[in-house]
$ cat my_file_1.pdb   # PDB, C-alpha atoms and all ligand atoms
ATOM      1  CA  MET A1174      84.478   9.435   1.052
ATOM      2  CA  GLU A1175      82.364   6.376   0.301
ATOM      3  CA  ARG A1176      82.382   5.147  -3.303
ATOM      4  CA  ILE A1177      78.813   5.271  -4.609
ATOM      5  CA  ALA A1178      77.367   3.093  -7.386
ATOM      6  CA  ILE A1179      74.173   4.527  -8.850
ATOM      7  CA  GLY A1180      71.652   3.334 -11.413
ATOM      8  CA  ALA A1181      68.154   4.083 -12.651
ATOM      9  CA  ASP A1182      65.578   3.086 -15.229
ATOM     10  CA  HIS A1183      63.799   5.596 -17.485
ATOM     11  CA  ALA A1184      61.431   6.597 -14.646
ATOM     12  CA  GLY A1185      64.378   7.423 -12.404
ATOM     13  CA  TYR A1186      66.743   8.835 -15.011
ATOM     14  CA  ALA A1187      66.065  12.554 -14.450
ATOM     15  CA  LEU A1188      66.395  12.228 -10.680
ATOM     16  CA  LYS A1189      69.570  10.157 -11.078
ATOM     17  CA  GLU A1190      71.155  12.979 -13.055
ATOM     18  CA  GLU A1191      70.371  15.428 -10.213
ATOM     19  CA  ILE A1192      71.785  13.049  -7.616
ATOM     20  CA  VAL A1193      74.958  12.334  -9.621
ATOM     21  CA  ARG A1194      75.588  16.092  -9.930
ATOM     22  CA  PHE A1195      75.066  16.509  -6.184
ATOM     23  CA  LEU A1196      77.353  13.590  -5.287
ATOM     24  CA  GLN A1197      80.140  14.731  -7.580
ATOM     25  CA  ALA A1198      79.904  18.305  -6.304
ATOM     26  CA  SER A1199      80.141  16.908  -2.767
ATOM     27  CA  GLY A1200      83.309  14.959  -3.630
ATOM     28  CA  TYR A1201      81.962  11.393  -3.697
ATOM     29  CA  PRO A1202      83.511   9.022  -6.244
ATOM     30  CA  VAL A1203      80.509   7.917  -8.373
ATOM     31  CA  GLU A1204      80.069   4.926 -10.683
ATOM     32  CA  ASP A1205      76.995   5.582 -12.866
ATOM     33  CA  VAL A1206      75.768   2.344 -14.510
ATOM     34  CA  GLY A1207      72.965   4.118 -16.457
ATOM     35  CA  THR A1208      70.439   4.343 -17.864
ATOM     36  CA  HIS A1209      71.474   7.415 -19.827
ATOM     37  CA  GLY A1210      68.192   8.583 -21.359
ATOM     38  CA  GLU A1211      64.387   8.540 -21.257
ATOM     39  CA  GLU A1212      63.965   5.439 -23.455
ATOM     40  CA  SER A1213      62.065   2.628 -21.714
ATOM     41  CA  VAL A1214      64.370   0.039 -20.117
ATOM     42  CA  ASP A1215      64.004  -2.750 -17.522
ATOM     43  CA  TYR A1216      64.882  -1.808 -13.937
ATOM     44  CA  PRO A1217      66.340  -5.242 -12.991
ATOM     45  CA  ASP A1218      69.156  -4.718 -15.529
ATOM     46  CA  TYR A1219      70.369  -1.695 -13.545
ATOM     47  CA  ALA A1220      69.566  -2.983 -10.053
ATOM     48  CA  ILE A1221      71.768  -6.035 -10.582
ATOM     49  CA  GLN A1222      74.760  -3.941 -11.660
ATOM     50  CA  VAL A1223      74.620  -1.692  -8.601
ATOM     51  CA  ALA A1224      73.905  -4.613  -6.259
ATOM     52  CA  ARG A1225      76.905  -6.551  -7.597
ATOM     53  CA  ALA A1226      79.159  -3.491  -7.299
ATOM     54  CA  VAL A1227      78.224  -3.158  -3.616
ATOM     55  CA  ALA A1228      78.260  -6.900  -2.852
ATOM     56  CA  THR A1229      81.754  -7.314  -4.339
ATOM     57  CA  GLY A1230      83.150  -4.235  -2.581
ATOM     58  CA  GLN A1231      83.713  -2.309  -5.795
ATOM     59  CA  ALA A1232      81.408   0.339  -4.258
ATOM     60  CA  ASP A1233      80.727   1.073  -0.587
ATOM     61  CA  LEU A1234      77.070   2.078  -1.044
ATOM     62  CA  GLY A1235      74.482   2.082  -3.813
ATOM     63  CA  ILE A1236      71.603   4.273  -4.936
ATOM     64  CA  LEU A1237      68.872   2.933  -7.246
ATOM     65  CA  ILE A1238      65.983   4.912  -8.705
ATOM     66  CA  CYS A1239      62.926   3.685 -10.591
ATOM     67  CA  GLY A1240      59.354   4.981 -10.583
ATOM     68  CA  THR A1241      58.685   4.027  -6.974
ATOM     69  CA  GLY A1242      61.963   2.481  -5.764
ATOM     70  CA  ILE A1243      60.106  -0.769  -5.170
ATOM     71  CA  GLY A1244      61.173  -2.779  -8.225
ATOM     72  CA  MET A1245      64.789  -1.759  -7.656
ATOM     73  CA  SER A1246      64.682  -2.837  -4.009
ATOM     74  CA  ILE A1247      63.037  -6.197  -4.758
ATOM     75  CA  THR A1248      65.702  -6.962  -7.360
ATOM     76  CA  ALA A1249      68.725  -5.709  -5.403
ATOM     77  CA  ASN A1250      67.691  -7.736  -2.346
ATOM     78  CA  LYS A1251      68.113 -10.957  -4.384
ATOM     79  CA  VAL A1252      71.889 -10.449  -4.249
ATOM     80  CA  LYS A1253      73.726 -11.919  -1.241
ATOM     81  CA  GLY A1254      74.976  -9.263   1.145
ATOM     82  CA  ILE A1255      72.597  -6.592  -0.105
ATOM     83  CA  ARG A1256      70.196  -4.779   2.194
ATOM     84  CA  ALA A1257      68.319  -2.385  -0.086
ATOM     85  CA  ALA A1258      65.748  -0.026   1.455
ATOM     86  CA  VAL A1259      63.151   2.286  -0.067
ATOM     87  CA  ALA A1260      62.982   5.660   1.697
ATOM     88  CA  THR A1261      60.497   8.464   1.151
ATOM     89  CA  ASP A1262      61.883  10.822   3.793
ATOM     90  CA  GLY A1263      65.045  11.538   5.743
ATOM     91  CA  TYR A1264      63.890   9.616   8.817
ATOM     92  CA  MET A1265      63.432   6.416   6.822
ATOM     93  CA  ALA A1266      66.843   6.885   5.205
ATOM     94  CA  ARG A1267      68.524   7.434   8.595
ATOM     95  CA  MET A1268      66.815   4.427  10.164
ATOM     96  CA  ALA A1269      67.694   2.284   7.139
ATOM     97  CA  ARG A1270      71.378   2.863   7.964
ATOM     98  CA  GLU A1271      71.218   3.067  11.777
ATOM     99  CA  HIS A1272      68.919   0.095  12.402
ATOM    100  CA  ASN A1273      69.013  -2.042   9.247
ATOM    101  CA  ASN A1274      72.594  -1.386   8.064
ATOM    102  CA  ALA A1275      71.155  -0.844   4.576
ATOM    103  CA  ASN A1276      73.814  -0.630   1.873
ATOM    104  CA  ILE A1277      71.575   0.467  -1.010
ATOM    105  CA  LEU A1278      69.085   3.350  -0.970
ATOM    106  CA  CYS A1279      66.126   3.038  -3.353
ATOM    107  CA  LEU A1280      64.158   6.092  -4.430
ATOM    108  CA  GLY A1281      61.054   6.781  -6.509
ATOM    109  CA  GLY A1282      61.554   9.235  -9.334
ATOM    110  CA  ARG A1283      57.756   9.490  -9.722
ATOM    111  CA  VAL A1284      57.264   9.969  -5.979
ATOM    112  CA  LEU A1285      59.874  12.524  -4.931
ATOM    113  CA  GLY A1286      60.867  15.997  -6.012
ATOM    114  CA  ALA A1287      64.577  16.631  -6.443
ATOM    115  CA  GLY A1288      64.847  18.704  -3.242
ATOM    116  CA  SER A1289      63.319  15.985  -1.066
ATOM    117  CA  ALA A1290      65.369  13.295  -2.790
ATOM    118  CA  LEU A1291      68.638  15.123  -2.101
ATOM    119  CA  ASP A1292      67.690  15.487   1.581
ATOM    120  CA  ILE A1293      67.070  11.735   1.697
ATOM    121  CA  VAL A1294      70.405  10.983   0.013
ATOM    122  CA  GLN A1295      72.226  13.219   2.491
ATOM    123  CA  ALA A1296      70.507  11.569   5.455
ATOM    124  CA  PHE A1297      71.491   8.142   4.129
ATOM    125  CA  LEU A1298      75.124   9.065   3.514
ATOM    126  CA  GLN A1299      75.600  10.883   6.820
ATOM    127  CA  SER A1300      74.144   8.093   8.994
ATOM    128  CA  ARG A1301      76.017   5.085  10.367
ATOM    129  CA  PHE A1302      74.942   1.638  11.573
ATOM    130  CA  ALA A1303      74.213   1.848  15.303
ATOM    131  CA  GLY A1304      75.213  -1.779  16.041
ATOM    132  CA  GLY A1305      74.288  -3.060  19.515
ATOM    133  CA  ARG A1306      70.890  -4.746  19.579
ATOM    134  CA  HIS A1307      70.502  -4.025  15.853
ATOM    135  CA  ALA A1308      73.579  -6.106  15.012
ATOM    136  CA  GLY A1309      71.876  -9.242  16.294
ATOM    137  CA  ARG A1310      68.785  -8.528  14.213
ATOM    138  CA  VAL A1311      70.749  -7.904  11.035
ATOM    139  CA  GLY A1312      72.699 -11.080  11.881
ATOM    140  CA  LYS A1313      69.401 -12.999  11.811
ATOM    141  CA  ILE A1314      68.716 -11.659   8.302
ATOM    142  CA  GLN A1315      72.187 -12.804   7.237
ATOM    143  CA  ALA A1316      71.584 -16.258   8.749
ATOM    144  CA  LEU A1317      68.371 -16.590   6.705
ATOM    145  CA  GLU A1318      70.313 -15.615   3.602
ATOM    146  CA  GLN A1319      73.071 -18.155   4.299
ATOM    147  CA  ALA A1320      70.517 -20.902   4.938
ATOM    148  CA  GLY A1321      68.817 -20.154   1.605
ATOM    149  CA  THR A1322      65.443 -20.127   3.366
ATOM    150  CA  THR A1323      62.464 -20.687   1.051
TER     151      THR A1323
HETATM  152  C1  LIG A1401      58.351   1.704 -14.957
HETATM  153  O1  LIG A1401      57.170   2.045 -15.575
HETATM  154  C2  LIG A1401      58.085   1.330 -13.490
HETATM  155  O2  LIG A1401      57.354   0.166 -13.412
HETATM  156  C3  LIG A1401      59.404   1.183 -12.743
HETATM  157  O3  LIG A1401      60.119   2.363 -12.868
HETATM  158  C4  LIG A1401      59.320   0.929 -11.254
HETATM  159  O4  LIG A1401      58.495   1.859 -10.607
HETATM  160  C5  LIG A1401      59.098  -0.442 -10.802
HETATM  161  O5  LIG A1401      59.115  -0.746  -9.607
END

$ encode --input "my_file_1.pdb" --output "structure tokens" --more "lines below"
Ligand code: RB5
Amino acid sequence: MERIAIGADHAGYALKEEIVRFLQASGYPVEDVGTHGEESVDYPDYAIQVARAVATGQADLGILICGTGIGMSITANKVKGIRAAVATDGYMARMAREHNNANILCLGGRVLGAGSALDIVQAFLQSRFAGGRHAGRVGKIQALEQAGTT
């Protein structure tokens, strides 16, 4: 089973708890970097921890949850080797893996109900990178990253 690093801010905390319970019940090893309550915190502090865990290989995949998923994805994508994608349905989550080889899923705790979010998580975890023509495209993203394009 893939090792999953997960983090959230206060707006994603409640949904994170649901997802952690689901992942553990499904047998995934989970590293939960917080936050651990409803007190207001800054999403970049959690995004960077999950992004580093994935980029260094300490985790295979990451899940980040804030109000919309957007702040988490913007932050996580600053880390080399990270392809973080916001998904609002199972199709987006599947395509994020199959076409974009995304390694972090970002969700909106103020956008999704728990049932929909768990469907999205399952779609993300069960999908695999399709390679082929998509490998060349992801390679172009990696080349931009290596070049430090401004
Ligand atoms: C917190 O209010 C909110 O801004 C944050 O959770 C997130 O949605 C940012 O992208």

$ resolve_selection --input "my_file_1.pdb" --expression "the PyMOL selection byres (((chain A and resi 1190) around 12) and not hetatm)" --output "count of residues only"
33

$ resolve_selection --input "my_file_1.pdb" --expression "the PyMOL selection byres (((not hetatm)) within 10 of (chain A and resi 1401))" --output "PyMOL selection string"
chain A and resi 1181-1186+1213-1217+1238-1248+1280-1284

$ residues_around --input "my_file_1.pdb" --residues "stretch 1227-1231 of chain A" --least-positions-apart "4" --cutoff "7 Å" --atoms "only C-alpha atoms" --output "list of chain:residue names"
A:Val1223, A:Gly1235, A:Lys1253, A:Gly1254, A:Ile1255

$ write_last_selection --input "my_file_1.pdb" --atoms "C-alpha atoms" --output "short mmCIF file (atom, residue, chain, number, x, y, z; two decimals), in the frame of the given file"
data_model
loop_
_atom_site.label_atom_id
_atom_site.label_comp_id
_atom_site.auth_asym_id
_atom_site.auth_seq_id
_atom_site.Cartn_x
_atom_site.Cartn_y
_atom_site.Cartn_z
CA VAL A 1223 74.62 -1.69 -8.60
CA GLY A 1235 74.48 2.08 -3.81
CA LYS A 1253 73.73 -11.92 -1.24
CA GLY A 1254 74.98 -9.26 1.14
CA ILE A 1255 72.60 -6.59 -0.10
#

$ atom_distance --input "my_file_1.pdb" --atom1 "atom CA of A:Met1265" --atom2 "atom CA of A:Thr1322"
26.8 Å

$ closest_residue --input "my_file_1.pdb" --among "A:Glu1271, A:Tyr1264, A:Leu1278, A:Gln1319" --to "A:Arg1306" --atoms "only C-alpha atoms"
A:Glu1271

$ build_atoms --input "my_file_1.pdb" --residues "stretch 1229-1251 of chain A" --atoms "N, CA and C atoms" --output "PDB file, in the coordinates of the input"
ATOM      1  N   THR A1229      80.355  -6.921  -4.108  1.00  0.00           N
ATOM      2  CA  THR A1229      81.754  -7.314  -4.339  1.00  0.00           C
ATOM      3  C   THR A1229      82.748  -6.329  -3.731  1.00  0.00           C
ATOM      4  N   GLY A1230      82.254  -5.210  -3.196  1.00  0.00           N
ATOM      5  CA  GLY A1230      83.150  -4.235  -2.581  1.00  0.00           C
ATOM      6  C   GLY A1230      83.716  -3.213  -3.551  1.00  0.00           C
ATOM      7  N   GLN A1231      83.276  -3.303  -4.800  1.00  0.00           N
ATOM      8  CA  GLN A1231      83.713  -2.309  -5.795  1.00  0.00           C
ATOM      9  C   GLN A1231      83.164  -0.918  -5.435  1.00  0.00           C
ATOM     10  N   ALA A1232      81.993  -0.898  -4.795  1.00  0.00           N
ATOM     11  CA  ALA A1232      81.408   0.339  -4.258  1.00  0.00           C
ATOM     12  C   ALA A1232      81.078   0.104  -2.790  1.00  0.00           C
ATOM     13  N   ASP A1233      81.065   1.194  -2.007  1.00  0.00           N
ATOM     14  CA  ASP A1233      80.727   1.073  -0.587  1.00  0.00           C
ATOM     15  C   ASP A1233      79.215   1.082  -0.393  1.00  0.00           C
ATOM     16  N   LEU A1234      78.521   1.923  -1.167  1.00  0.00           N
ATOM     17  CA  LEU A1234      77.070   2.078  -1.044  1.00  0.00           C
ATOM     18  C   LEU A1234      76.470   2.221  -2.437  1.00  0.00           C
ATOM     19  N   GLY A1235      75.158   1.943  -2.533  1.00  0.00           N
ATOM     20  CA  GLY A1235      74.482   2.082  -3.813  1.00  0.00           C
ATOM     21  C   GLY A1235      73.241   2.946  -3.702  1.00  0.00           C
ATOM     22  N   ILE A1236      72.863   3.528  -4.823  1.00  0.00           N
ATOM     23  CA  ILE A1236      71.603   4.273  -4.936  1.00  0.00           C
ATOM     24  C   ILE A1236      70.923   3.806  -6.213  1.00  0.00           C
ATOM     25  N   LEU A1237      69.644   3.422  -6.104  1.00  0.00           N
ATOM     26  CA  LEU A1237      68.872   2.933  -7.246  1.00  0.00           C
ATOM     27  C   LEU A1237      67.559   3.700  -7.324  1.00  0.00           C
ATOM     28  N   ILE A1238      67.188   4.100  -8.526  1.00  0.00           N
ATOM     29  CA  ILE A1238      65.983   4.912  -8.705  1.00  0.00           C
ATOM     30  C   ILE A1238      65.148   4.343  -9.844  1.00  0.00           C
ATOM     31  N   CYS A1239      63.891   4.034  -9.541  1.00  0.00           N
ATOM     32  CA  CYS A1239      62.926   3.685 -10.591  1.00  0.00           C
ATOM     33  C   CYS A1239      61.697   4.564 -10.345  1.00  0.00           C
ATOM     34  N   GLY A1240      60.523   4.140 -10.794  1.00  0.00           N
ATOM     35  CA  GLY A1240      59.354   4.981 -10.583  1.00  0.00           C
ATOM     36  C   GLY A1240      59.017   5.141  -9.119  1.00  0.00           C
ATOM     37  N   THR A1241      59.040   4.025  -8.399  1.00  0.00           N
ATOM     38  CA  THR A1241      58.685   4.027  -6.974  1.00  0.00           C
ATOM     39  C   THR A1241      59.836   3.667  -6.048  1.00  0.00           C
ATOM     40  N   GLY A1242      60.884   3.061  -6.582  1.00  0.00           N
ATOM     41  CA  GLY A1242      61.963   2.481  -5.764  1.00  0.00           C
ATOM     42  C   GLY A1242      61.708   1.028  -5.430  1.00  0.00           C
ATOM     43  N   ILE A1243      60.480   0.573  -5.635  1.00  0.00           N
ATOM     44  CA  ILE A1243      60.106  -0.769  -5.170  1.00  0.00           C
ATOM     45  C   ILE A1243      60.730  -1.870  -6.035  1.00  0.00           C
ATOM     46  N   GLY A1244      60.601  -1.744  -7.351  1.00  0.00           N
ATOM     47  CA  GLY A1244      61.173  -2.779  -8.225  1.00  0.00           C
ATOM     48  C   GLY A1244      62.677  -2.891  -8.042  1.00  0.00           C
ATOM     49  N   MET A1245      63.340  -1.758  -7.883  1.00  0.00           N
ATOM     50  CA  MET A1245      64.789  -1.759  -7.656  1.00  0.00           C
ATOM     51  C   MET A1245      65.125  -2.480  -6.352  1.00  0.00           C
ATOM     52  N   SER A1246      64.355  -2.223  -5.300  1.00  0.00           N
ATOM     53  CA  SER A1246      64.682  -2.837  -4.009  1.00  0.00           C
ATOM     54  C   SER A1246      64.426  -4.343  -4.046  1.00  0.00           C
ATOM     55  N   ILE A1247      63.328  -4.758  -4.676  1.00  0.00           N
ATOM     56  CA  ILE A1247      63.037  -6.197  -4.758  1.00  0.00           C
ATOM     57  C   ILE A1247      64.178  -6.911  -5.485  1.00  0.00           C
ATOM     58  N   THR A1248      64.632  -6.327  -6.576  1.00  0.00           N
ATOM     59  CA  THR A1248      65.702  -6.962  -7.360  1.00  0.00           C
ATOM     60  C   THR A1248      67.027  -6.963  -6.594  1.00  0.00           C
ATOM     61  N   ALA A1249      67.418  -5.811  -6.070  1.00  0.00           N
ATOM     62  CA  ALA A1249      68.725  -5.709  -5.403  1.00  0.00           C
ATOM     63  C   ALA A1249      68.807  -6.658  -4.205  1.00  0.00           C
ATOM     64  N   ASN A1250      67.678  -6.868  -3.528  1.00  0.00           N
ATOM     65  CA  ASN A1250      67.691  -7.736  -2.346  1.00  0.00           C
ATOM     66  C   ASN A1250      67.825  -9.216  -2.690  1.00  0.00           C
ATOM     67  N   LYS A1251      67.841  -9.568  -3.966  1.00  0.00           N
ATOM     68  CA  LYS A1251      68.113 -10.957  -4.384  1.00  0.00           C
ATOM     69  C   LYS A1251      69.596 -11.280  -4.326  1.00  0.00           C
TER      70      LYS A1251
END
